[in-house]
>>> print(open('entry-v9.pdb').read())   # PDB, C-alpha atoms and all ligand atoms
ATOM      1  CA  MET A   1      50.383  22.999  48.909  1.00  0.00           C
ATOM      2  CA  THR A   2      50.467  25.014  45.708  1.00  0.00           C
ATOM      3  CA  ASP A   3      53.503  26.169  43.807  1.00  0.00           C
ATOM      4  CA  PHE A   4      53.891  29.886  43.291  1.00  0.00           C
ATOM      5  CA  GLN A   5      56.378  31.938  41.371  1.00  0.00           C
ATOM      6  CA  CYS A   6      57.290  35.586  41.483  1.00  0.00           C
ATOM      7  CA  THR A   7      57.024  37.232  38.062  1.00  0.00           C
ATOM      8  CA  LYS A   8      59.557  39.849  39.143  1.00  0.00           C
ATOM      9  CA  CYS A   9      62.464  37.759  40.406  1.00  0.00           C
ATOM     10  CA  SER A  10      61.315  34.263  39.292  1.00  0.00           C
ATOM     11  CA  TYR A  11      61.660  32.959  42.843  1.00  0.00           C
ATOM     12  CA  ARG A  12      59.631  29.763  43.195  1.00  0.00           C
ATOM     13  CA  PHE A  13      58.160  28.401  46.413  1.00  0.00           C
ATOM     14  CA  ALA A  14      55.287  26.325  47.796  1.00  0.00           C
ATOM     15  CA  LYS A  15      52.532  27.696  50.023  1.00  0.00           C
ATOM     16  CA  ASP A  16      48.947  26.834  50.983  1.00  0.00           C
ATOM     17  CA  ARG A  17      47.711  30.249  49.896  1.00  0.00           C
ATOM     18  CA  ARG A  18      49.023  32.884  47.553  1.00  0.00           C
ATOM     19  CA  PRO A  19      50.942  35.498  49.520  1.00  0.00           C
ATOM     20  CA  LEU A  20      50.542  39.188  48.662  1.00  0.00           C
ATOM     21  CA  ASN A  21      54.264  39.794  48.697  1.00  0.00           C
ATOM     22  CA  CYS A  22      57.089  37.796  47.222  1.00  0.00           C
ATOM     23  CA  PRO A  23      59.045  36.276  50.133  1.00  0.00           C
ATOM     24  CA  TYR A  24      62.281  36.808  48.232  1.00  0.00           C
ATOM     25  CA  CYS A  25      62.186  40.289  46.702  1.00  0.00           C
ATOM     26  CA  GLY A  26      59.227  41.609  48.717  1.00  0.00           C
ATOM     27  CA  LYS A  27      57.340  42.966  45.684  1.00  0.00           C
ATOM     28  CA  THR A  28      53.546  43.120  45.980  1.00  0.00           C
ATOM     29  CA  GLY A  29      51.234  41.464  43.474  1.00  0.00           C
ATOM     30  CA  THR A  30      53.949  39.711  41.513  1.00  0.00           C
ATOM     31  CA  VAL A  31      53.305  36.211  42.865  1.00  0.00           C
ATOM     32  CA  GLU A  32      51.462  33.911  40.471  1.00  0.00           C
ATOM     33  CA  GLU A  33      50.339  30.325  40.737  1.00  0.00           C
ATOM     34  CA  VAL A  34      52.447  27.815  38.834  1.00  0.00           C
ATOM     35  CA  PRO A  35      50.252  25.317  36.975  1.00  0.00           C
ATOM     36  CA  GLU A  36      50.616  21.729  38.128  1.00  0.00           C
ATOM     37  CA  ALA A  37      52.411  19.427  35.726  1.00  0.00           C
ATOM     38  CA  SER A  38      49.339  17.170  35.689  1.00  0.00           C
ATOM     39  CA  ASP A  39      47.188  20.123  34.571  1.00  0.00           C
ATOM     40  CA  ILE A  40      49.492  20.737  31.653  1.00  0.00           C
ATOM     41  CA  LEU A  41      49.402  17.045  30.755  1.00  0.00           C
ATOM     42  CA  SER A  42      45.591  16.941  30.785  1.00  0.00           C
ATOM     43  CA  ASP A  43      45.585  20.001  28.522  1.00  0.00           C
ATOM     44  CA  ILE A  44      47.767  18.133  26.052  1.00  0.00           C
ATOM     45  CA  ASP A  45      45.506  15.091  26.369  1.00  0.00           C
ATOM     46  CA  SER A  46      42.374  17.051  25.479  1.00  0.00           C
ATOM     47  CA  HIS A  47      44.214  18.688  22.606  1.00  0.00           C
ATOM     48  CA  GLU A  48      45.260  15.279  21.250  1.00  0.00           C
ATOM     49  CA  LYS A  49      41.650  14.070  21.520  1.00  0.00           C
ATOM     50  CA  ARG A  50      40.459  17.105  19.583  1.00  0.00           C
ATOM     51  CA  MET A  51      43.033  16.435  16.855  1.00  0.00           C
ATOM     52  CA  GLN A  52      41.855  12.831  16.647  1.00  0.00           C
ATOM     53  CA  GLU A  53      38.262  14.029  16.299  1.00  0.00           C
ATOM     54  CA  ILE A  54      39.272  16.281  13.413  1.00  0.00           C
ATOM     55  CA  GLU A  55      41.134  13.407  11.740  1.00  0.00           C
ATOM     56  CA  THR A  56      38.059  11.174  12.110  1.00  0.00           C
ATOM     57  CA  MET A  57      35.871  13.901  10.622  1.00  0.00           C
ATOM     58  CA  LYS A  58      38.210  14.252   7.660  1.00  0.00           C
ATOM     59  CA  ARG A  59      38.065  10.513   7.057  1.00  0.00           C
ATOM     60  CA  GLU A  60      34.274  10.533   7.297  1.00  0.00           C
ATOM     61  CA  MET A  61      34.133  13.341   4.738  1.00  0.00           C
ATOM     62  CA  LYS A  62      36.358  11.426   2.319  1.00  0.00           C
ATOM     63  CA  LYS A  63      34.004   8.443   2.543  1.00  0.00           C
ATOM     64  CA  GLY A  64      31.209  10.674   1.329  1.00  0.00           C
ATOM     65  CA  TYR A  65      32.842  11.298  -2.037  1.00  0.00           C
TER      66      TYR A  65
HETATM   67 ZN    ZN A 101      60.175  38.180  43.856  1.00  0.00          ZN
END
>>> encode(input="entry-v9.pdb", output="structure tokens", more="lines below")
Ligand SMILES: [Zn+2]
Amino acid sequence: MTDFQCTKCSYRFAKDRRPLNCPYCGKTGTVEEVPEASDILSDIDSHEKRMQEIETMKREMKKGY
């Protein structure tokens, strides 16, 4: 099951596949997939790793002087 949300009326629901029409307001093409919470968390994780890499690089540069 995937979570979907209508961009028109903000109605949120779970379905196996993305429907063409919003089941609440009936608009076509307004239904968008809602990202999983775990996806958002992994995005933050990779961002934190990148920040750590930058910090390490900065430290390495300081050593050079
Ligand atoms: Zn709707």
>>> residues_around(input="entry-v9.pdb", residues="Cys9 of chain A", least_positions_apart="2", cutoff="10 Å", atoms="only C-alpha atoms", output="count of residues only")
12
>>> resolve_selection(input="entry-v9.pdb", expression="the PyMOL selection byres (((chain A and resi 2) around 10) and not hetatm)", output="PyMOL selection string")
chain A and resi 1+3-4+13-18+33-36
>>> atom_distance(input="entry-v9.pdb", atom1="atom CA of Asn21 of chain A", atom2="atom CA of Asp43 of chain A")
29.6 Å
>>> atom_distance(input="entry-v9.pdb", atom1="atom CA of Lys8 of chain A", atom2="atom ZN of ligand ZN 101 (chain A)")
5.0 Å
>>> axis_aligned_box(input="entry-v9.pdb", around="segment 58-62 of chain A", padding_each_side="4 Å", output="JSON")
{"center_x": 36.2, "center_y": 12.4, "center_z": 5.0, "size_x": 12.1, "size_y": 11.7, "size_z": 13.3}
>>> atom_distance(input="entry-v9.pdb", atom1="atom CA of Asp45 of chain A", atom2="atom CA of Lys62 of chain A")
26.0 Å
>>> closest_residue(input="entry-v9.pdb", among="A:Met61, A:Leu20, A:Thr56, A:Ser10", to="ligand ZN 101 (chain A)", atoms="all atoms listed in the file")
A:Ser10
>>> build_atoms(input="entry-v9.pdb", residues="segment 6-40 of chain A", atoms="N, CA and C atoms", output="CSV table (one decimal), keeping the file's coordinate frame")
chain,number,residue,atom,x,y,z
A,6,CYS,N,57.3,34.1,41.6
A,6,CYS,CA,57.3,35.6,41.5
A,6,CYS,C,57.6,36.0,40.0
A,7,THR,N,56.8,36.8,39.4
A,7,THR,CA,57.0,37.2,38.1
A,7,THR,C,58.2,38.3,38.0
A,8,LYS,N,58.5,38.8,39.1
A,8,LYS,CA,59.6,39.8,39.1
A,8,LYS,C,60.9,39.2,39.2
A,9,CYS,N,61.1,38.3,40.2
A,9,CYS,CA,62.5,37.8,40.4
A,9,CYS,C,62.5,36.3,40.1
A,10,SER,N,61.4,35.7,39.7
A,10,SER,CA,61.3,34.3,39.3
A,10,SER,C,61.6,33.3,40.5
A,11,TYR,N,61.5,33.8,41.7
A,11,TYR,CA,61.7,33.0,42.8
A,11,TYR,C,60.5,32.0,43.0
A,12,ARG,N,60.7,30.8,43.1
A,12,ARG,CA,59.6,29.8,43.2
A,12,ARG,C,59.6,29.1,44.6
A,13,PHE,N,58.3,28.9,45.1
A,13,PHE,CA,58.2,28.4,46.4
A,13,PHE,C,56.8,27.8,46.5
A,14,ALA,N,56.6,27.0,47.6
A,14,ALA,CA,55.3,26.3,47.8
A,14,ALA,C,54.6,26.9,49.0
A,15,LYS,N,53.3,27.2,48.9
A,15,LYS,CA,52.5,27.7,50.0
A,15,LYS,C,51.1,27.2,49.9
A,16,ASP,N,50.4,27.2,51.0
A,16,ASP,CA,48.9,26.8,51.0
A,16,ASP,C,48.1,27.9,50.3
A,17,ARG,N,48.4,29.1,50.5
A,17,ARG,CA,47.7,30.2,49.9
A,17,ARG,C,48.7,31.2,49.2
A,18,ARG,N,48.2,31.9,48.3
A,18,ARG,CA,49.0,32.9,47.6
A,18,ARG,C,49.3,34.1,48.5
A,19,PRO,N,50.6,34.3,48.7
A,19,PRO,CA,50.9,35.5,49.5
A,19,PRO,C,50.9,36.8,48.7
A,20,LEU,N,50.6,37.9,49.4
A,20,LEU,CA,50.5,39.2,48.7
A,20,LEU,C,51.9,39.6,48.2
A,21,ASN,N,52.9,39.4,49.0
A,21,ASN,CA,54.3,39.8,48.7
A,21,ASN,C,55.1,38.6,48.4
A,22,CYS,N,56.1,38.8,47.5
A,22,CYS,CA,57.1,37.8,47.2
A,22,CYS,C,58.0,37.7,48.4
A,23,PRO,N,58.2,36.4,49.0
A,23,PRO,CA,59.0,36.3,50.1
A,23,PRO,C,60.5,36.5,49.8
A,24,TYR,N,60.9,36.6,48.6
A,24,TYR,CA,62.3,36.8,48.2
A,24,TYR,C,62.6,38.3,48.0
A,25,CYS,N,61.9,38.9,47.0
A,25,CYS,CA,62.2,40.3,46.7
A,25,CYS,C,61.2,41.3,47.4
A,26,GLY,N,60.1,40.8,48.0
A,26,GLY,CA,59.2,41.6,48.7
A,26,GLY,C,58.3,42.4,47.9
A,27,LYS,N,58.3,42.2,46.6
A,27,LYS,CA,57.3,43.0,45.7
A,27,LYS,C,55.9,42.5,45.9
A,28,THR,N,54.9,43.4,45.8
A,28,THR,CA,53.5,43.1,46.0
A,28,THR,C,52.9,42.8,44.7
A,29,GLY,N,52.0,41.8,44.7
A,29,GLY,CA,51.2,41.5,43.5
A,29,GLY,C,52.0,40.8,42.3
A,30,THR,N,53.2,40.3,42.6
A,30,THR,CA,53.9,39.7,41.5
A,30,THR,C,53.9,38.2,41.6
A,31,VAL,N,53.3,37.7,42.7
A,31,VAL,CA,53.3,36.2,42.9
A,31,VAL,C,52.2,35.6,42.1
A,32,GLU,N,52.5,34.6,41.3
A,32,GLU,CA,51.5,33.9,40.5
A,32,GLU,C,51.6,32.4,40.7
A,33,GLU,N,50.4,31.8,40.6
A,33,GLU,CA,50.3,30.3,40.7
A,33,GLU,C,51.0,29.6,39.6
A,34,VAL,N,51.8,28.6,39.9
A,34,VAL,CA,52.4,27.8,38.8
A,34,VAL,C,51.5,26.6,38.5
A,35,PRO,N,51.1,26.4,37.3
A,35,PRO,CA,50.3,25.3,37.0
A,35,PRO,C,50.9,24.0,37.3
A,36,GLU,N,50.1,23.1,37.8
A,36,GLU,CA,50.6,21.7,38.1
A,36,GLU,C,51.0,21.0,36.8
A,37,ALA,N,52.0,20.2,36.9
A,37,ALA,CA,52.4,19.4,35.7
A,37,ALA,C,51.3,18.6,35.2
A,38,SER,N,50.5,18.0,36.1
A,38,SER,CA,49.3,17.2,35.7
A,38,SER,C,48.3,18.0,34.9
A,39,ASP,N,48.1,19.3,35.3
A,39,ASP,CA,47.2,20.1,34.6
A,39,ASP,C,47.6,20.3,33.1
A,40,ILE,N,48.9,20.5,33.0
A,40,ILE,CA,49.5,20.7,31.7
A,40,ILE,C,49.3,19.5,30.8
